[in-house]
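**Student:** Supplied structure: run37.tsv, TSV, C-alpha atoms.
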```
chain	number	residue	atom	x	y	z
A	387	MET	CA	78.58	72.10	83.30
A	388	TYR	CA	79.25	71.75	87.03
A	389	ALA	CA	82.56	71.32	88.81
A	390	ASN	CA	82.76	68.40	91.18
A	391	GLU	CA	83.32	68.98	94.89
A	392	GLY	CA	87.07	68.67	94.58
A	393	GLN	CA	87.33	71.18	91.73
A	394	GLY	CA	84.81	73.81	92.80
A	395	ARG	CA	87.18	76.04	94.71
A	396	ALA	CA	89.78	75.92	91.93
A	397	TRP	CA	87.20	77.19	89.45
A	398	HIS	CA	86.06	79.81	91.95
A	399	ALA	CA	89.64	81.11	92.17
A	400	LEU	CA	89.82	81.25	88.36
A	401	ASP	CA	86.51	83.10	88.12
A	402	THR	CA	87.73	85.59	90.71
A	403	LEU	CA	90.96	86.21	88.79
A	404	ASN	CA	88.85	86.96	85.73
A	405	LYS	CA	87.23	89.81	87.66
A	406	LEU	CA	90.65	91.34	88.27
A	407	TRP	CA	91.65	90.72	84.65
A	408	TRP	CA	88.75	92.80	83.32
A	409	ASN	CA	89.52	95.47	85.91
A	410	ARG	CA	93.30	95.56	85.49
A	411	GLY	CA	93.50	98.92	83.68
A	412	SER	CA	96.07	97.77	81.12
A	413	THR	CA	95.64	98.73	77.48
A	414	THR	CA	97.47	95.59	76.36
A	415	ASN	CA	96.58	91.91	76.48
A	416	CYS	CA	98.93	91.52	79.44
A	417	TRP	CA	98.46	92.12	83.14
A	418	ALA	CA	100.58	95.28	82.93
A	419	SER	CA	101.39	97.70	80.14
A	420	SER	CA	105.08	97.19	80.96
A	421	GLN	CA	104.77	93.81	79.20
A	422	GLN	CA	104.09	95.36	75.80
A	423	ASP	CA	106.99	93.46	74.23
A	424	GLY	CA	104.64	90.49	73.99
A	425	HIS	CA	106.29	88.55	76.78
A	426	CYS	CA	103.21	88.44	78.97
A	427	THR	CA	103.60	86.52	82.21
A	428	PRO	CA	100.62	84.89	83.93
A	429	ILE	CA	99.40	85.14	87.48
A	430	THR	CA	99.90	81.61	88.78
A	431	VAL	CA	97.87	80.17	91.63
A	432	GLN	CA	98.63	76.96	93.53
A	433	TRP	CA	95.68	75.38	95.32
A	434	TYR	CA	94.57	71.85	96.13
A	435	PRO	CA	91.88	70.40	98.41
A	436	GLY	CA	92.98	70.46	102.04
A	437	SER	CA	95.99	72.68	101.34
A	438	THR	CA	97.71	74.22	104.35
A	439	ASP	CA	100.25	76.00	102.14
A	440	GLY	CA	98.88	79.53	102.22
A	441	THR	CA	97.99	82.29	102.24
A	442	TYR	CA	100.73	84.23	100.43
A	443	TRP	CA	102.34	85.31	97.17
A	444	SER	CA	105.99	84.36	96.74
A	445	PRO	CA	108.01	86.98	94.83
A	446	ASN	CA	110.79	84.46	94.22
A	447	GLU	CA	108.39	82.05	92.51
A	448	ASP	CA	105.91	84.67	91.32
A	449	LYS	CA	103.24	82.28	92.53
A	450	ILE	CA	100.19	82.61	94.77
A	451	HIS	CA	99.72	79.88	97.37
A	452	LEU	CA	96.13	79.46	98.59
A	453	ALA	CA	95.07	77.38	101.56
A	454	ASP	CA	92.04	75.09	101.39
A	455	ASN	CA	89.20	77.57	101.99
A	456	ASP	CA	90.88	80.69	100.55
A	457	PRO	CA	89.03	80.58	97.21
A	458	ASP	CA	85.80	81.04	99.17
A	459	ALA	CA	86.94	84.61	99.89
A	460	GLU	CA	87.28	86.52	96.64
A	461	HIS	CA	88.95	89.45	98.40
A	462	THR	CA	91.72	87.13	99.58
A	463	VAL	CA	92.30	85.81	96.07
A	464	VAL	CA	92.45	89.31	94.60
A	465	HIS	CA	94.58	90.62	97.48
A	466	GLU	CA	97.25	88.01	96.76
A	467	SER	CA	96.84	88.70	93.05
A	468	GLY	CA	97.43	92.37	93.89
A	469	HIS	CA	100.90	91.44	95.11
A	470	ALA	CA	101.50	89.61	91.84
A	471	LEU	CA	100.23	92.60	89.89
A	472	MET	CA	102.58	94.94	91.76
A	473	GLY	CA	105.45	92.59	90.93
A	474	LYS	CA	104.52	92.80	87.24
A	475	LEU	CA	104.18	96.58	87.32
A	476	TYR	CA	107.63	96.69	88.90
A	477	LYS	CA	108.98	94.27	86.26
A	478	GLY	CA	110.11	91.72	88.85
A	479	TRP	CA	111.61	94.16	91.36
A	480	TRP	CA	110.29	93.97	94.91
A	481	PRO	CA	110.80	96.37	97.85
A	482	ASN	CA	112.80	95.36	100.89
A	483	VAL	CA	109.83	94.85	103.21
A	484	SER	CA	110.32	94.81	106.99
A	485	ASN	CA	108.18	93.94	110.03
A	486	CYS	CA	105.52	92.29	107.89
A	487	SER	CA	105.29	88.74	109.21
A	488	PRO	CA	102.79	88.65	110.72
A	489	HIS	CA	100.90	91.76	109.69
A	490	TYR	CA	97.39	92.86	110.57
A	491	VAL	CA	95.19	94.86	108.26
A	492	SER	CA	94.17	97.47	110.85
A	493	ARG	CA	97.44	97.67	112.80
A	494	THR	CA	100.75	99.47	112.37
A	495	SER	CA	103.56	97.43	110.84
A	496	SER	CA	106.17	99.33	108.79
A	497	THR	CA	105.92	101.82	105.95
A	498	SER	CA	107.18	99.19	103.49
A	499	CYS	CA	104.64	96.64	104.73
A	500	GLY	CA	101.91	99.28	104.81
A	501	TRP	CA	102.67	100.08	101.17
A	502	THR	CA	102.83	96.57	99.71
A	503	GLU	CA	99.92	95.19	101.73
A	504	GLY	CA	97.93	98.39	101.37
A	505	PHE	CA	98.29	98.28	97.59
A	506	ALA	CA	97.12	94.66	97.53
A	507	ASN	CA	94.08	95.58	99.64
A	508	ALA	CA	93.37	98.53	97.38
A	509	VAL	CA	93.43	96.23	94.34
A	510	ALA	CA	90.72	94.12	95.99
A	511	PHE	CA	88.66	97.15	97.00
A	512	HIS	CA	88.95	98.63	93.50
A	513	THR	CA	87.92	95.34	91.92
A	514	PHE	CA	84.85	94.86	94.10
A	515	ASN	CA	84.04	98.55	94.68
A	516	ASP	CA	83.94	98.21	98.47
A	517	THR	CA	86.11	98.57	101.57
A	518	THR	CA	85.29	95.34	103.38
A	519	TYR	CA	87.90	92.59	103.57
A	520	TYR	CA	86.66	88.98	103.66
A	521	TRP	CA	88.68	85.98	104.77
A	522	GLY	CA	88.24	82.34	103.77
A	523	ASN	CA	86.93	81.36	107.21
A	524	GLY	CA	83.91	83.63	106.69
A	525	SER	CA	85.03	86.52	108.89
A	526	SER	CA	85.17	90.06	107.54
A	527	GLN	CA	86.16	93.59	108.52
A	528	ASN	CA	84.89	96.87	107.14
A	529	LEU	CA	87.94	99.09	106.70
A	530	ALA	CA	86.19	102.31	105.69
A	531	ASN	CA	87.79	105.01	107.82
A	532	ASP	CA	88.41	108.68	108.45
A	533	ARG	CA	90.19	110.67	111.15
A	534	SER	CA	87.49	109.85	113.70
A	535	THR	CA	87.65	106.07	113.16
A	536	THR	CA	88.72	104.02	116.16
A	537	GLY	CA	90.14	100.52	115.98
A	538	ILE	CA	92.35	101.27	112.97
A	539	ASP	CA	95.84	102.58	113.66
A	540	PRO	CA	96.75	105.92	112.03
A	541	GLY	CA	99.42	106.65	109.44
A	542	ASP	CA	101.08	105.11	106.40
A	543	ALA	CA	102.47	102.12	108.31
A	544	CYS	CA	98.89	100.82	108.57
A	545	GLU	CA	97.79	99.00	105.44
A	546	ALA	CA	94.09	99.84	105.88
A	547	ARG	CA	94.89	103.56	105.82
A	548	VAL	CA	97.09	103.22	102.74
A	549	ALA	CA	94.52	101.07	100.92
A	550	THR	CA	91.60	103.42	101.44
A	551	ALA	CA	93.70	106.48	100.62
A	552	LEU	CA	94.78	104.84	97.37
A	553	VAL	CA	91.24	103.93	96.38
A	554	ASP	CA	90.07	107.49	97.04
A	555	LEU	CA	92.96	108.95	95.05
A	556	TRP	CA	92.13	106.70	92.12
A	557	SER	CA	88.40	107.45	92.20
A	558	GLN	CA	88.35	111.11	93.24
A	559	VAL	CA	91.55	112.55	91.73
A	560	ASP	CA	93.03	110.28	89.05
A	561	GLY	CA	89.94	109.24	87.10
A	562	GLY	CA	90.68	105.56	87.74
A	563	TRP	CA	93.82	103.63	88.50
A	564	ALA	CA	95.26	103.23	84.98
A	565	LYS	CA	97.54	106.29	85.17
A	566	SER	CA	98.82	105.25	88.58
A	567	ASN	CA	99.57	101.72	87.39
A	568	THR	CA	101.36	103.07	84.32
A	569	MET	CA	103.48	105.28	86.58
A	570	MET	CA	104.44	102.24	88.62
A	571	THR	CA	105.79	100.55	85.47
A	572	LYS	CA	108.23	103.43	85.11
A	573	THR	CA	109.37	103.96	88.69
A	574	GLN	CA	109.44	101.90	91.87
A	575	GLN	CA	108.40	102.70	95.41
A	576	SER	CA	109.21	101.20	98.80
A	577	SER	CA	106.61	103.24	100.68
A	578	PHE	CA	103.43	105.20	100.17
A	579	ARG	CA	105.39	108.38	100.88
A	580	GLU	CA	107.65	107.67	97.88
A	581	TYR	CA	104.57	106.99	95.75
A	582	PHE	CA	102.81	110.20	96.76
A	583	VAL	CA	105.55	112.74	97.47
A	584	ASN	CA	108.32	111.70	95.09
A	585	ASP	CA	106.69	110.10	92.09
A	586	ARG	CA	103.13	111.30	91.53
A	587	PRO	CA	104.20	114.89	90.72
A	588	ASP	CA	106.92	113.65	88.35
A	589	TYR	CA	104.42	111.63	86.32
A	590	GLY	CA	101.57	114.10	86.09
A	591	LEU	CA	99.43	112.75	88.94
A	592	ASP	CA	98.07	115.37	91.31
A	593	SER	CA	99.50	115.64	94.81
A	594	GLY	CA	97.97	119.03	95.55
A	595	THR	CA	95.35	120.18	98.03
A	596	LYS	CA	92.57	117.76	97.08
A	597	ALA	CA	94.90	114.77	97.08
A	598	ARG	CA	96.50	115.80	100.37
A	599	ASN	CA	93.09	116.27	101.96
A	600	ILE	CA	92.25	112.68	101.01
A	601	LEU	CA	95.39	111.49	102.77
A	602	TYR	CA	94.67	113.71	105.77
A	603	ASN	CA	91.19	112.21	106.04
A	604	HIS	CA	92.87	108.81	106.31
A	605	THR	CA	95.34	110.07	108.96
A	606	ILE	CA	98.30	110.34	106.56
A	607	GLN	CA	100.02	113.70	106.43
A	608	TYR	CA	103.20	114.66	104.56
```
Could you take the file, read its structure, and then write that structure out as structure tokens?

**Tutor:**
Amino acid sequence: MYANEGQGRAWHALDTLNKLWWNRGSTTNCWASSQQDGHCTPITVQWYPGSTDGTYWSPNEDKIHLADNDPDAEHTVVHESGHALMGKLYKGWWPNVSNCSPHYVSRTSSTSCGWTEGFANAVAFHTFNDTTYYWGNGSSQNLANDRSTTGIDPGDACEARVATALVDLWSQVDGGWAKSNTMMTKTQQSSFREYFVNDRPDYGLDSGTKARNILYNHTIQY
């Protein structure tokens, strides 16, 4: 079976969401373990040929809006789905995010923007096991970084730094992202600092020397 030209990108978006579904880390048949009461809510995507309504996730609607060529970039689809996943982990709560429109993946914005956008980037990187972000227009940027990296702003107000620090914490300290996601169903964060300093120790996730060295390598120091 083949999708016609008008449907191809819609099916591509669906196929991409399936990759996140199998990677979601939930032990239930929902997107998040916080939905164990059986009231699973879907990740909803709005797309149509020629759409100029995108690219964003609306917390008020709990809906992803994709522009015409966005489904061509799987990282973009999963990034926006990462926002939706965070909303589900937080059971509908959303941080008060400032200085985030516009935002740039390698530039300083705010700690709240760095956290929400960094988490969404980390979801994409975790799903595809890489650190390169791809856009629908075909452009891309490798966001792998350490303290010597130039061209990426330092600190936790930069989403690229937060994203790569998160991915390294999940892979090198936490044994995956399931425990972190479960923690986020029980407490809420408005910044990466809250996530790391306040909440990880309270929920049995390491924030000791190895974890802090990971952050330091990505220019984040608490």

**Student:** Check the smallest atom-to-atom distance from each of A:Thr536, A:Ser412, A:Gln558, A:Thr441 to Ala459 in chain A using all atoms listed in the file, then report the winner.

**Tutor:** A:Thr441

**Student:** Compute the distance from (102.3, 76.6, 91.8) to each atom, counting all atoms listed in the file, keep the residues with any atom at most 12 Å away, and return them as a ChimeraX atom specification; use the coordinates of the file.

**Tutor:** /A:428-434,439-440,442-444,446-452

**Student:** Can you write out the residues you just picked, keeping C-alpha atoms, as a short mmCIF file (atom, residue, chain, number, x, y, z; two decimals), in the coordinates of the input?

**Tutor:**
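Result file follows (part_6.cif):
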```cif
data_model
loop_
_atom_site.label_atom_id
_atom_site.label_comp_id
_atom_site.auth_asym_id
_atom_site.auth_seq_id
_atom_site.Cartn_x
_atom_site.Cartn_y
_atom_site.Cartn_z
CA PRO A 428 100.62 84.89 83.93
CA ILE A 429 99.40 85.14 87.48
CA THR A 430 99.90 81.61 88.78
CA VAL A 431 97.87 80.17 91.63
CA GLN A 432 98.63 76.96 93.53
CA TRP A 433 95.68 75.38 95.32
CA TYR A 434 94.57 71.85 96.13
CA ASP A 439 100.25 76.00 102.14
CA GLY A 440 98.88 79.53 102.22
CA TYR A 442 100.73 84.23 100.43
CA TRP A 443 102.34 85.31 97.17
CA SER A 444 105.99 84.36 96.74
CA ASN A 446 110.79 84.46 94.22
CA GLU A 447 108.39 82.05 92.51
CA ASP A 448 105.91 84.67 91.32
CA LYS A 449 103.24 82.28 92.53
CA ILE A 450 100.19 82.61 94.77
CA HIS A 451 99.72 79.88 97.37
CA LEU A 452 96.13 79.46 98.59
#
```

**Student:** Take CA of Tyr519 in chain A and CA of Ala551 in chain A and report the distance between them in Å, one decimal.

**Tutor:**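 Computed distance, CA of Tyr519 in chain A to CA of Ala551 in chain A, equals 15.3 Å.
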
**Student:** For Asn567 in chain A, find every residue with an atom within 8 Å (counting only C-alpha atoms), except residues of its own chain fewer than 4 positions away, and show them as a list in words.

**Tutor:**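 The residues satisfying every condition are Gly411, Ala418, Leu475, Trp563 and Thr571 of chain A.
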
**Student:** Excluding same-chain residues fewer than 5 positions from Thr413 in chain A, what lies within 12 Å of it counting all atoms listed in the file, as a ChimeraX atom specification?

**Tutor:** /A:407-408,418-422,564-565,567-568

**Student:** I'd like the interatomic distance between CA of Asn584 in chain A and CA of Trp556 in chain A, to a tenth of an Å.

**Tutor:** 17.2 Å

**Student:** If we count all atoms listed in the file, what is near range 596-604 of chain A at a cut-off of 7 Å, once residues fewer than 5 positions away on the same chain are taken out, given as a list in words?

**Tutor:**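 Answer for this query is Asn531, Asp532, Arg533, Arg547, Ala551, Asp554, Leu555 and Val559 of chain A.
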
**Student:** So which one's closest to Leu406 in chain A, A:Ser467, A:Thr517, A:Ser496, A:Ser487? Using only C-alpha atoms, please.

**Tutor:**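 Among the listed residues, the smallest separation from Leu406 in chain A belongs to A:Ser467.
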
**Student:** Out of A:Ser498, A:Asn415, A:Thr605, A:Asn409, which residue has the shortest atom-to-atom distance to Pro540 in chain A when counting all atoms listed in the file?

**Tutor:**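 So, comparing all the options, the nearest one is A:Thr605.
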
**Student:** When distances are computed from all atoms listed in the file, which of A:Gln607, A:Thr438, A:Asn482, A:Thr494 shows the smallest separation from Gln574 in chain A?

**Tutor:**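 Of the candidates, the smallest distance to Gln574 in chain A is held by A:Asn482.
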
**Student:** Between A:Pro488, A:Gly504, A:Gly394, A:Pro445, which residue has the minimum interatomic distance to Ala549 in chain A, considering only C-alpha atoms?

**Tutor:** A:Gly504

**Student:** Using all atoms listed in the file, which of the listed residues (A:Asn523, A:Asn507, A:Ser557, A:Thr513) sits closest to Glu545 in chain A?

**Tutor:**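 Looking at the shortest contact to Glu545 in chain A, the residue is A:Asn507.
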
**Student:** Record the distance separating CA of Thr414 in chain A and CA of Met472 in chain A, expressed in Å with one decimal.

**Tutor:**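 So the two atoms, CA of Thr414 in chain A and CA of Met472 in chain A, lie 16.2 Å apart.
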
**Student:** Do you know which residues lie at most 10 Å from (102.1, 110.3, 86.9), with coordinates as in the file and all atoms listed in the file counted, and could you write them as a VMD selection string?

**Tutor:** chain A and resid 560 565 to 570 572 to 573 581 to 582 585 to 593
